[in-house]
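Raw final-v3.txt, compact mmCIF, C-alpha atoms and all ligand atoms:
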# COMPACT_ATOMS: atom_id res chain seq x y z
CA MET L 98 7.18 0.56 -24.91
CA ALA L 99 3.83 -0.59 -23.50
CA PRO L 100 0.94 -0.60 -25.99
CA THR L 101 -1.32 2.42 -25.65
CA VAL L 102 -4.72 1.47 -24.38
CA THR L 103 -7.63 3.86 -24.34
CA SER L 104 -9.65 4.17 -21.19
CA MET L 105 -12.73 2.85 -22.99
CA GLU L 106 -11.26 -0.64 -23.27
CA VAL L 107 -11.95 -2.75 -20.23
CA PRO L 108 -10.43 -6.04 -19.09
CA LYS L 109 -12.44 -9.12 -19.94
CA LEU L 110 -11.78 -11.18 -16.84
CA ALA L 111 -14.81 -11.52 -14.53
CA SER L 112 -14.46 -10.19 -11.00
CA ILE L 113 -13.22 -12.57 -8.32
CA LYS L 114 -16.42 -11.82 -6.43
CA THR L 115 -18.48 -13.24 -9.30
CA LEU L 116 -16.28 -16.33 -9.41
CA ALA L 117 -16.27 -16.88 -5.65
CA ASP L 118 -20.03 -16.31 -5.37
CA SER L 119 -20.77 -19.19 -7.74
CA ALA L 120 -22.00 -21.87 -5.34
CA SER L 121 -20.35 -24.69 -7.25
CA LEU L 122 -16.79 -23.40 -6.81
CA THR L 123 -14.93 -25.98 -4.75
CA PHE L 124 -11.40 -25.53 -6.11
CA VAL L 125 -9.07 -22.82 -7.38
CA PRO L 126 -9.15 -22.67 -11.20
CA SER L 127 -5.73 -23.22 -12.80
CA GLU L 128 -5.42 -19.57 -13.98
CA TYR L 129 -5.43 -18.56 -10.29
CA THR L 130 -3.05 -21.21 -9.00
CA PHE L 131 -0.17 -19.64 -7.09
CA THR L 132 2.40 -21.74 -5.25
CA LYS L 133 3.94 -20.42 -2.05
CA ASN L 134 7.22 -21.67 -0.62
CA PRO L 135 6.36 -23.38 2.72
CA ASN L 136 9.98 -22.96 3.93
CA GLU L 137 9.50 -19.20 3.98
CA GLN L 138 6.47 -19.27 6.26
CA GLY L 139 7.21 -17.55 9.58
CA ASP L 140 5.81 -18.73 12.91
CA ALA L 141 2.80 -16.55 13.76
CA ASN L 142 3.24 -17.33 17.49
CA ASP L 143 6.84 -16.14 17.63
CA PRO L 144 6.82 -12.86 19.61
CA GLU L 145 9.79 -11.71 17.51
CA HIS L 146 7.39 -11.73 14.60
CA SER L 147 5.30 -8.79 15.69
CA ILE L 148 5.66 -5.46 13.94
CA PRO L 149 6.69 -2.49 16.15
CA ILE L 150 4.08 -0.19 17.68
CA ILE L 151 4.33 3.60 17.42
CA ASP L 152 2.24 5.61 19.87
CA PHE L 153 0.90 8.53 17.83
CA ALA L 154 -0.30 10.48 20.89
CA LEU L 155 3.21 10.48 22.34
CA LEU L 156 4.66 11.46 18.97
CA THR L 157 2.40 14.47 18.55
CA SER L 158 1.44 15.58 22.05
CA GLY L 159 4.00 14.01 24.35
CA SER L 160 6.70 15.86 26.25
CA PRO L 161 9.94 16.59 24.30
CA ASP L 162 11.50 13.54 25.97
CA GLN L 163 8.58 11.32 25.03
CA ARG L 164 8.67 12.58 21.44
CA ALA L 165 12.43 11.98 21.23
CA LYS L 166 11.89 8.40 22.45
CA VAL L 167 9.14 7.74 19.88
CA ILE L 168 11.37 9.16 17.13
CA GLN L 169 14.06 6.65 18.16
CA GLU L 170 11.46 3.85 18.01
CA LEU L 171 10.38 5.08 14.61
CA ARG L 172 13.98 5.01 13.35
CA ARG L 173 14.43 1.46 14.63
CA ALA L 174 11.09 0.37 13.09
CA CYS L 175 12.03 1.88 9.71
CA GLU L 176 15.51 0.33 9.73
CA GLU L 177 14.62 -3.11 11.03
CA TRP L 178 11.12 -3.70 9.64
CA GLY L 179 9.99 -1.04 7.17
CA PHE L 180 6.56 -1.73 8.74
CA PHE L 181 4.96 -0.60 11.99
CA GLN L 182 1.53 -0.04 13.49
CA VAL L 183 0.33 3.32 14.69
CA THR L 184 -1.97 3.38 17.73
CA ASN L 185 -3.62 6.21 19.67
CA HIS L 186 -4.09 8.31 16.55
CA CYS L 187 -6.99 10.69 16.23
CA VAL L 188 -8.98 9.00 13.45
CA PRO L 189 -12.15 7.58 15.06
CA GLU L 190 -12.54 3.82 14.77
CA SER L 191 -16.16 4.44 13.72
CA LEU L 192 -14.91 6.42 10.69
CA MET L 193 -12.53 3.61 9.72
CA GLN L 194 -15.40 1.14 10.01
CA SER L 195 -17.71 3.36 7.93
CA MET L 196 -15.02 3.55 5.23
CA ILE L 197 -14.69 -0.24 5.14
CA ASP L 198 -18.49 -0.60 5.03
CA ALA L 199 -18.75 1.91 2.16
CA CYS L 200 -16.14 -0.02 0.16
CA HIS L 201 -17.93 -3.27 0.92
CA ARG L 202 -21.13 -1.77 -0.47
CA PHE L 203 -19.24 -0.72 -3.59
CA PHE L 204 -17.98 -4.26 -4.23
CA ASP L 205 -21.51 -5.55 -3.61
CA LEU L 206 -22.94 -3.40 -6.43
CA PRO L 207 -24.16 -5.40 -9.44
CA GLU L 208 -21.27 -6.04 -11.86
CA GLU L 209 -23.06 -3.99 -14.52
CA GLU L 210 -22.98 -0.95 -12.27
CA LYS L 211 -19.25 -1.23 -11.54
CA LYS L 212 -18.35 -1.40 -15.23
CA GLU L 213 -18.29 2.34 -15.75
CA PHE L 214 -15.30 2.55 -13.37
CA GLN L 215 -13.19 -0.04 -15.15
CA THR L 216 -10.26 1.45 -17.03
CA ARG L 217 -6.66 0.44 -17.56
CA ASN L 218 -4.81 3.71 -17.28
CA PRO L 219 -2.76 3.79 -14.08
CA LEU L 220 -3.40 7.48 -13.46
CA ASP L 221 -7.14 7.59 -14.11
CA PRO L 222 -8.61 9.14 -10.96
CA ILE L 223 -11.13 6.34 -10.39
CA LYS L 224 -10.57 2.78 -11.39
CA CYS L 225 -11.85 -0.62 -10.37
CA GLY L 226 -10.98 -4.07 -11.59
CA THR L 227 -9.81 -7.50 -10.64
CA SER L 228 -6.44 -9.15 -9.94
CA PHE L 229 -3.48 -6.79 -10.67
CA ASN L 230 -2.80 -6.29 -14.35
CA VAL L 231 -4.77 -8.87 -16.29
CA ASP L 232 -3.04 -7.91 -19.58
CA ILE L 233 0.43 -8.94 -18.50
CA GLU L 234 0.23 -11.27 -15.51
CA LYS L 235 0.64 -15.02 -15.94
CA VAL L 236 -1.43 -15.90 -12.87
CA HIS L 237 -4.50 -14.03 -11.68
CA PHE L 238 -4.92 -12.97 -8.08
CA TRP L 239 -7.80 -13.54 -5.70
CA ARG L 240 -8.87 -9.92 -5.32
CA ASP L 241 -10.94 -7.13 -6.77
CA PHE L 242 -9.93 -3.51 -6.25
CA LEU L 243 -11.15 0.06 -6.29
CA LYS L 244 -8.59 2.87 -6.52
CA VAL L 245 -9.60 6.49 -6.14
CA ILE L 246 -7.23 9.48 -6.14
CA ALA L 247 -8.13 11.61 -3.11
CA HIS L 248 -5.32 14.23 -3.24
CA PRO L 249 -4.23 16.74 -4.61
CA GLU L 250 -7.71 16.68 -6.16
CA PHE L 251 -10.42 14.80 -4.32
CA ASN L 252 -12.32 12.39 -6.55
CA SER L 253 -15.25 10.31 -5.58
CA LEU L 254 -18.02 7.97 -6.64
CA TYR L 255 -21.67 8.92 -6.64
CA LYS L 256 -22.54 5.35 -5.63
CA PRO L 257 -22.97 3.55 -3.33
CA ALA L 258 -24.85 6.13 -1.26
CA GLY L 259 -22.65 7.66 1.42
CA TYR L 260 -19.32 6.64 -0.15
CA SER L 261 -18.43 10.17 -1.19
CA GLU L 262 -18.95 11.81 2.23
CA VAL L 263 -17.21 9.10 4.20
CA SER L 264 -14.24 8.87 1.83
CA LEU L 265 -13.74 12.66 1.98
CA GLU L 266 -13.56 12.63 5.77
CA PHE L 267 -11.47 9.45 5.91
CA SER L 268 -8.94 10.66 3.33
CA LYS L 269 -8.48 14.01 5.10
CA ARG L 270 -8.03 12.49 8.54
CA THR L 271 -5.70 9.77 7.25
CA ARG L 272 -3.60 12.36 5.46
CA GLU L 273 -3.21 14.28 8.72
CA VAL L 274 -1.82 11.15 10.36
CA ALA L 275 0.49 10.54 7.37
CA THR L 276 1.76 14.13 7.59
CA GLU L 277 2.76 13.68 11.24
CA ILE L 278 4.42 10.35 10.50
CA LEU L 279 6.39 11.97 7.70
CA LYS L 280 7.60 14.66 10.09
CA GLY L 281 8.64 11.97 12.57
CA ILE L 282 10.49 10.06 9.85
CA SER L 283 12.27 13.25 8.76
CA GLU L 284 13.43 13.84 12.33
CA SER L 285 14.42 10.21 12.75
CA LEU L 286 16.90 10.83 9.91
CA GLY L 287 18.34 13.85 11.72
CA LEU L 288 16.59 16.33 9.39
CA GLU L 289 14.18 19.19 10.09
CA ALA L 290 10.63 17.86 10.64
CA ASP L 291 9.35 19.44 7.41
CA TYR L 292 12.39 18.54 5.26
CA ILE L 293 10.85 15.63 3.34
CA ALA L 294 7.47 17.33 2.96
CA LYS L 295 9.12 20.40 1.43
CA ALA L 296 11.47 18.42 -0.82
CA MET L 297 8.64 16.21 -2.08
CA ASN L 298 6.02 18.95 -2.52
CA TRP L 299 3.79 17.13 -0.07
CA ASP L 300 1.12 19.87 -0.22
CA ARG L 301 0.45 18.71 -3.80
CA GLY L 302 1.31 15.09 -3.03
CA LEU L 303 -0.60 12.09 -4.32
CA GLN L 304 -2.92 10.16 -2.03
CA ILE L 305 -4.82 7.11 -3.29
CA LEU L 306 -7.60 5.22 -1.54
CA ALA L 307 -6.96 1.66 -2.72
CA ALA L 308 -9.59 -0.79 -1.46
CA ASN L 309 -8.98 -4.53 -1.84
CA TYR L 310 -11.72 -7.17 -1.73
CA TYR L 311 -10.59 -10.76 -1.10
CA PRO L 312 -13.50 -13.20 -1.00
CA ALA L 313 -13.23 -16.50 0.88
CA CYS L 314 -11.33 -19.02 -1.21
CA PRO L 315 -12.03 -22.80 -1.31
CA GLN L 316 -8.29 -23.66 -1.38
CA PRO L 317 -6.41 -20.74 0.21
CA ASP L 318 -3.03 -22.51 -0.06
CA LYS L 319 -3.37 -22.59 -3.84
CA ALA L 320 -4.13 -18.91 -4.44
CA ILE L 321 -2.86 -15.48 -3.44
CA GLY L 322 -4.74 -12.21 -2.88
CA LEU L 323 -1.84 -9.97 -3.84
CA PRO L 324 1.60 -11.33 -4.81
CA PRO L 325 4.81 -10.04 -3.19
CA HIS L 326 5.32 -6.39 -4.07
CA THR L 327 6.55 -3.11 -2.65
CA ASP L 328 4.53 0.11 -2.56
CA HIS L 329 5.51 3.01 -4.81
CA GLY L 330 5.02 6.07 -2.59
CA LEU L 331 6.66 7.54 0.50
CA VAL L 332 4.44 5.87 3.13
CA THR L 333 1.32 3.70 2.93
CA LEU L 334 -1.29 3.62 5.71
CA LEU L 335 -3.53 0.56 5.76
CA ILE L 336 -6.69 -0.49 7.57
CA GLN L 337 -8.52 -3.80 7.32
CA ASN L 338 -11.71 -5.46 8.50
CA GLU L 339 -11.58 -8.10 11.26
CA THR L 340 -9.95 -10.66 8.96
CA GLY L 341 -6.15 -10.66 8.75
CA GLY L 342 -4.09 -11.60 5.71
CA LEU L 343 -1.27 -9.08 5.24
CA GLU L 344 2.16 -10.73 5.37
CA VAL L 345 5.50 -8.95 5.51
CA LYS L 346 8.87 -10.37 4.43
CA HIS L 347 11.08 -10.10 7.49
CA LYS L 348 14.48 -11.84 7.68
CA ASP L 349 13.49 -14.10 4.77
CA GLN L 350 10.26 -15.25 6.44
CA TRP L 351 6.67 -14.24 5.69
CA VAL L 352 5.23 -12.82 8.90
CA LEU L 353 1.47 -12.32 9.34
CA VAL L 354 0.68 -8.80 10.52
CA ASN L 355 -1.47 -8.91 13.65
CA ALA L 356 -2.46 -5.28 14.06
CA ALA L 357 -4.35 -3.96 17.08
CA PRO L 358 -7.99 -3.15 16.30
CA GLY L 359 -8.22 0.44 15.08
CA ALA L 360 -4.48 0.77 14.41
CA PHE L 361 -3.06 1.91 11.09
CA VAL L 362 -0.47 -0.42 9.59
CA VAL L 363 2.19 1.79 8.02
CA ASN L 364 4.94 0.87 5.59
CA ILE L 365 7.83 2.59 3.86
CA GLY L 366 7.47 2.93 0.07
CA ASP L 367 9.90 3.05 -2.85
CA GLN L 368 10.22 6.87 -2.92
CA MET L 369 11.37 6.82 0.71
CA GLN L 370 13.94 4.13 -0.06
CA ILE L 371 15.32 6.38 -2.81
CA LEU L 372 15.41 9.48 -0.56
CA THR L 373 17.26 7.60 2.18
CA ASN L 374 19.64 5.88 -0.26
CA ASP L 375 18.49 2.44 1.04
CA LYS L 376 18.64 3.28 4.76
CA TYR L 377 14.86 2.82 5.06
CA LYS L 378 13.76 0.04 2.74
CA SER L 379 10.50 -0.48 0.95
CA ILE L 380 9.69 -3.98 2.18
CA TRP L 381 8.09 -6.83 0.23
CA HIS L 382 4.62 -7.73 1.38
CA ARG L 383 1.69 -9.78 0.10
CA ALA L 384 -1.93 -10.60 0.95
CA VAL L 385 -2.96 -14.20 1.59
CA VAL L 386 -6.57 -15.40 1.46
CA ASN L 387 -8.60 -17.66 3.70
CA LYS L 388 -11.41 -20.17 3.53
CA LYS L 389 -13.87 -18.59 5.94
CA ALA L 390 -14.49 -14.92 5.34
CA THR L 391 -14.21 -12.02 2.95
CA ARG L 392 -11.31 -9.76 3.77
CA ILE L 393 -11.34 -6.05 2.94
CA SER L 394 -8.30 -3.84 3.28
CA ILE L 395 -7.86 -0.20 2.36
CA ALA L 396 -4.28 0.76 1.55
CA VAL L 397 -3.67 4.50 1.34
CA PRO L 398 -0.36 5.25 -0.40
CA HIS L 399 0.92 8.82 0.04
CA GLY L 400 3.54 10.06 -2.38
CA PRO L 401 5.28 13.18 -3.68
CA SER L 402 3.56 15.43 -6.20
CA LEU L 403 3.53 13.81 -9.63
CA ASP L 404 6.10 16.23 -11.10
CA THR L 405 8.64 15.69 -8.29
CA PRO L 406 11.65 13.43 -8.80
CA ALA L 407 12.88 11.71 -5.64
CA LEU L 408 16.68 11.69 -5.25
CA PRO L 409 18.88 10.60 -2.35
CA ILE L 410 18.96 13.46 0.20
CA PRO L 411 22.31 15.33 -0.16
CA GLU L 412 22.65 15.99 3.62
CA LEU L 413 22.33 12.27 4.36
CA LEU L 414 24.81 11.29 1.64
CA GLU L 415 27.31 13.77 2.98
CA ARG L 416 26.91 12.63 6.56
CA GLU L 417 27.26 8.95 5.65
CA GLY L 418 29.98 9.58 3.05
CA GLN L 419 27.93 7.78 0.41
CA ALA L 420 27.47 8.16 -3.31
CA PRO L 421 23.85 8.33 -4.54
CA LYS L 422 22.49 4.88 -5.41
CA TYR L 423 19.58 6.13 -7.52
CA ILE L 424 18.97 8.35 -10.51
CA GLY L 425 16.05 10.76 -10.37
CA MET L 426 12.70 10.17 -12.03
CA THR L 427 9.45 12.05 -11.56
CA TYR L 428 6.87 10.18 -9.53
CA GLU L 429 4.53 10.28 -12.53
CA LYS L 430 7.07 8.52 -14.77
CA PHE L 431 7.82 6.06 -11.97
CA LEU L 432 4.13 5.12 -11.73
CA GLU L 433 3.82 4.79 -15.50
CA LEU L 434 6.83 2.49 -15.80
CA GLN L 435 5.84 0.47 -12.77
CA ALA L 436 2.70 -0.60 -14.62
CA CYS L 437 4.81 -2.13 -17.46
CA PRO L 438 5.61 -5.85 -17.78
CA ALA L 439 9.31 -5.37 -16.87
CA ALA L 440 8.26 -4.14 -13.44
CA LEU L 441 6.89 -7.55 -12.55
CA THR L 442 10.17 -9.37 -13.00
CA LYS L 443 12.21 -7.71 -10.27
CA HIS L 444 12.13 -4.97 -7.70
CA PHE L 445 11.17 -1.97 -9.78
CA LEU L 446 13.63 0.23 -7.89
CA ASP L 447 16.49 -1.76 -9.40
CA HIS L 448 15.72 -0.11 -12.75
CA LEU L 449 16.68 3.23 -11.20
CA ARG L 450 19.89 2.10 -9.56
CA VAL L 451 23.10 3.87 -10.53
CA LYS L 452 25.22 1.34 -12.42
CA HIS L 453 28.86 1.05 -11.37
CA ASN L 454 31.19 -0.52 -13.92
O1 LIG F 501 -4.53 -6.31 1.64
C1 LIG F 501 -3.44 -6.09 2.16
O2 LIG F 501 -3.25 -6.28 3.34
C2 LIG F 501 -2.29 -5.59 1.33
C3 LIG F 501 -2.69 -4.53 0.36
C4 LIG F 501 -1.51 -3.95 -0.34
O3 LIG F 501 -0.39 -4.32 -0.11
C5 LIG F 501 -1.69 -2.93 -1.37
O4 LIG F 501 -2.84 -2.60 -1.73
O5 LIG F 501 -0.66 -2.41 -1.86
FE FE F 502 1.08 -2.98 -0.93
Write out the structure in this file as structure tokens.
Amino acid sequence: MAPTVTSMEVPKLASIKTLADSASLTFVPSEYTFTKNPNEQGDANDPEHSIPIIDFALLTSGSPDQRAKVIQELRRACEEWGFFQVTNHCVPESLMQSMIDACHRFFDLPEEEKKEFQTRNPLDPIKCGTSFNVDIEKVHFWRDFLKVIAHPEFNSLYKPAGYSEVSLEFSKRTREVATEILKGISESLGLEADYIAKAMNWDRGLQILAANYYPACPQPDKAIGLPPHTDHGLVTLLIQNETGGLEVKHKDQWVLVNAAPGAFVVNIGDQMQILTNDKYKSIWHRAVVNKKATRISIAVPHGPSLDTPALPIPELLEREGQAPKYIGMTYEKFLELQACPAALTKHFLDHLRVKHN
């Protein structure tokens, strides 16, 4: 069992911003050294290495034929990539930019002022810190983060000025897009549009605004912003500033995601992999850093309500003649266990797999 830590204890590692801002830093300190396998690096110029595009306007306001076509594209994107970009959605680009700016201003606050938001409990509604889990990781990562739970209860920060208003609007609008995508995914599986939302108690579902700050790094090949991982929820929607860095594992190669400006990058999470009994997989991804500019991304995972256990959908099992591959666990328990050391050693989902003797 993981040691109990009270929320008053805070990690002792300085933020990566503080480290990167020190003018004398010309190399990556050994605690941050992360070696990547060059043989797994995909070719960024290969057109095959471009994640699929889903046209949101056609999904939601197209003719029945257009919608049916987009649903097919969605199914293919979920089966073949687990990642896609959503264009022509109704969230204004100016709102996305304001959200990124507000997060930037948060990370720019003096370290002293950010301290009050540092806790270690995974389900604290507001939490900032550095790296991933400084208590258990062997290597630290080149990022600082701010995670705020925006649904079912909206939480916010009173500083920096403007953060609260912009994050309220951004979280609402992003959730509307996520809701439509979830309907499309449900239909792409041959289910009623609201099947997954109902089964997962989506109206009380968790939504987290998870901002990542990756400062420029003197030796980007020797460090990593976020190591390979999968996301825990049903779907994650992500936006980023003008600097790329998200890489997706596709056919054993790391592919850099080149999203259109203003698009949401969307990926399937662990709960969706459970529901679909592995048909739609929660794909490994990571964030690399660069020498030139600070990168900011805001990942917005959307999950079931905390008290809901995800289980393979009976209708799908029956249709495919499959046995369930996963045991049920509430989303809350899943999140708790995922924060434990064992979760770092292999795909966390494997701990929930039904064992066949
Ligand atoms: O910064 C990125 O592009 C990746 C972020 C991410 O994967 C996450 O926050 O879960
Ligand atoms: Fe992620």
Residues within 10 Å of ligand LIG 501 (chain F) should be enumerated using all atoms listed in the file and returned as a short mmCIF file (atom, residue, chain, number, x, y, z; two decimals) with C-alpha atoms, keeping the file's coordinate frame.
data_model
loop_
_atom_site.label_atom_id
_atom_site.label_comp_id
_atom_site.auth_asym_id
_atom_site.auth_seq_id
_atom_site.Cartn_x
_atom_site.Cartn_y
_atom_site.Cartn_z
CA PHE L 229 -3.48 -6.79 -10.67
CA ARG L 240 -8.87 -9.92 -5.32
CA PHE L 242 -9.93 -3.51 -6.25
CA LEU L 243 -11.15 0.06 -6.29
CA LYS L 244 -8.59 2.87 -6.52
CA LEU L 306 -7.60 5.22 -1.54
CA ALA L 307 -6.96 1.66 -2.72
CA ALA L 308 -9.59 -0.79 -1.46
CA ASN L 309 -8.98 -4.53 -1.84
CA TYR L 310 -11.72 -7.17 -1.73
CA TYR L 311 -10.59 -10.76 -1.10
CA GLY L 322 -4.74 -12.21 -2.88
CA LEU L 323 -1.84 -9.97 -3.84
CA PRO L 324 1.60 -11.33 -4.81
CA PRO L 325 4.81 -10.04 -3.19
CA HIS L 326 5.32 -6.39 -4.07
CA THR L 327 6.55 -3.11 -2.65
CA ASP L 328 4.53 0.11 -2.56
CA HIS L 329 5.51 3.01 -4.81
CA THR L 333 1.32 3.70 2.93
CA LEU L 334 -1.29 3.62 5.71
CA LEU L 335 -3.53 0.56 5.76
CA ILE L 336 -6.69 -0.49 7.57
CA GLN L 337 -8.52 -3.80 7.32
CA ASN L 338 -11.71 -5.46 8.50
CA THR L 340 -9.95 -10.66 8.96
CA GLY L 341 -6.15 -10.66 8.75
CA GLY L 342 -4.09 -11.60 5.71
CA LEU L 343 -1.27 -9.08 5.24
CA GLU L 344 2.16 -10.73 5.37
CA VAL L 345 5.50 -8.95 5.51
CA LEU L 353 1.47 -12.32 9.34
CA VAL L 354 0.68 -8.80 10.52
CA VAL L 362 -0.47 -0.42 9.59
CA ASN L 364 4.94 0.87 5.59
CA GLY L 366 7.47 2.93 0.07
CA TRP L 381 8.09 -6.83 0.23
CA HIS L 382 4.62 -7.73 1.38
CA ARG L 383 1.69 -9.78 0.10
CA ALA L 384 -1.93 -10.60 0.95
CA VAL L 385 -2.96 -14.20 1.59
CA VAL L 386 -6.57 -15.40 1.46
CA ARG L 392 -11.31 -9.76 3.77
CA ILE L 393 -11.34 -6.05 2.94
CA SER L 394 -8.30 -3.84 3.28
CA ILE L 395 -7.86 -0.20 2.36
CA ALA L 396 -4.28 0.76 1.55
CA VAL L 397 -3.67 4.50 1.34
CA PRO L 398 -0.36 5.25 -0.40
#
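Nearest-residue note for Asp447 (chain L): choosing from L:Ala320, L:Ala165, L:Ile424, L:Val332, the minimum distance belongs to L:Ile424, counting all atoms listed in the file.
Atom pair CA of Phe445 (chain L) / CA of Glu433 (chain L): separated by 11.5 Å.
With CA of Pro207 (chain L) on one side and CA of Val231 (chain L) on the other, the separation reads 20.9 Å.
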Within-12 Å shell of (-6.2, 16.6, -5.2) in input frame, all atoms listed in the file, as JSON, numbers by chain: {"L": [222, 245, 246, 247, 248, 249, 250, 251, 252, 253, 265, 268, 269, 272, 299, 300, 301, 302, 303, 304, 305, 399, 402, 403]}
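Shortest separation to Pro315 (chain L) among L:Val188, L:Trp239, L:Gln435, L:Glu176 occurs at residue L:Trp239, atoms counted being all atoms listed in the file.
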Quick one: axis-aligned box around all listed atoms of region 158-173 of chain L, 8 Å on every side, centre and edge lengths in Å to one decimal, written as lines of an AutoDock Vina configuration file.
center_x = 7.9
center_y = 9.0
center_z = 19.8
size_x = 29.0
size_y = 31.1
size_z = 28.9
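Across L:Ile278, L:Ile321, L:Gly330, L:Lys376, the tightest approach to ligand FE 502 (chain F) is made by L:Gly330 when counting all atoms listed in the file.
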Residues within 10 Å of (-14.4, -15.8, -5.1), counting all atoms listed in the file, listed as number ranges by chain: L: 112-120, 122, 125, 239-241, 310-315, 391
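Using only C-alpha atoms, the nearest neighbour of Ile365 (chain L) within the list L:Gln316, L:Glu429, L:Leu279, L:Val352 is L:Leu279.
Restricting the calculation to all atoms listed in the file, the smallest distance between Glu208 (chain L) and any of L:Met196, L:Ala360, L:Leu110, L:Met426 is found for L:Leu110.
Reported to one decimal place, the separation of CA of Leu331 (chain L) from CA of Tyr260 (chain L) is 26.0 Å.
Shortest atom-to-atom contact with Thr123 (chain L) among L:Pro317, L:Asp221, L:Gly139, L:Glu266: L:Pro317, counting all atoms listed in the file.
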Extract, using only C-alpha atoms, all DNA, RNA and protein residues at most 10 Å from region 419-422 of chain L, discarding same-chain residues fewer than 4 positions from it, and format them as a count of residues only. 18
Determine, counting only C-alpha atoms, which protein, DNA and RNA residues have an atom within 12 Å of an atom of region 283-285 of chain L; residues of the same chain fewer than 5 positions away are not included. Present the result as an MDAnalysis selection string. chainID L and resid 156 164:176 276:278 290:297 331 369 372:373 376:377 410 412:413
Could you write those residues out with C-alpha atoms, as an mmCIF file, in the coordinates of the input?
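What ended up in part_36.cif:
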data_model
loop_
_atom_site.group_PDB
_atom_site.id
_atom_site.type_symbol
_atom_site.label_atom_id
_atom_site.label_comp_id
_atom_site.auth_asym_id
_atom_site.auth_seq_id
_atom_site.Cartn_x
_atom_site.Cartn_y
_atom_site.Cartn_z
ATOM 1 C CA LEU L 156 4.660 11.460 18.970
ATOM 2 C CA ARG L 164 8.670 12.580 21.440
ATOM 3 C CA ALA L 165 12.430 11.980 21.230
ATOM 4 C CA LYS L 166 11.890 8.400 22.450
ATOM 5 C CA VAL L 167 9.140 7.740 19.880
ATOM 6 C CA ILE L 168 11.370 9.160 17.130
ATOM 7 C CA GLN L 169 14.060 6.650 18.160
ATOM 8 C CA GLU L 170 11.460 3.850 18.010
ATOM 9 C CA LEU L 171 10.380 5.080 14.610
ATOM 10 C CA ARG L 172 13.980 5.010 13.350
ATOM 11 C CA ARG L 173 14.430 1.460 14.630
ATOM 12 C CA ALA L 174 11.090 0.370 13.090
ATOM 13 C CA CYS L 175 12.030 1.880 9.710
ATOM 14 C CA GLU L 176 15.510 0.330 9.730
ATOM 15 C CA THR L 276 1.760 14.130 7.590
ATOM 16 C CA GLU L 277 2.760 13.680 11.240
ATOM 17 C CA ILE L 278 4.420 10.350 10.500
ATOM 18 C CA ALA L 290 10.630 17.860 10.640
ATOM 19 C CA ASP L 291 9.350 19.440 7.410
ATOM 20 C CA TYR L 292 12.390 18.540 5.260
ATOM 21 C CA ILE L 293 10.850 15.630 3.340
ATOM 22 C CA ALA L 294 7.470 17.330 2.960
ATOM 23 C CA LYS L 295 9.120 20.400 1.430
ATOM 24 C CA ALA L 296 11.470 18.420 -0.820
ATOM 25 C CA MET L 297 8.640 16.210 -2.080
ATOM 26 C CA LEU L 331 6.660 7.540 0.500
ATOM 27 C CA MET L 369 11.370 6.820 0.710
ATOM 28 C CA LEU L 372 15.410 9.480 -0.560
ATOM 29 C CA THR L 373 17.260 7.600 2.180
ATOM 30 C CA LYS L 376 18.640 3.280 4.760
ATOM 31 C CA TYR L 377 14.860 2.820 5.060
ATOM 32 C CA ILE L 410 18.960 13.460 0.200
ATOM 33 C CA GLU L 412 22.650 15.990 3.620
ATOM 34 C CA LEU L 413 22.330 12.270 4.360
#
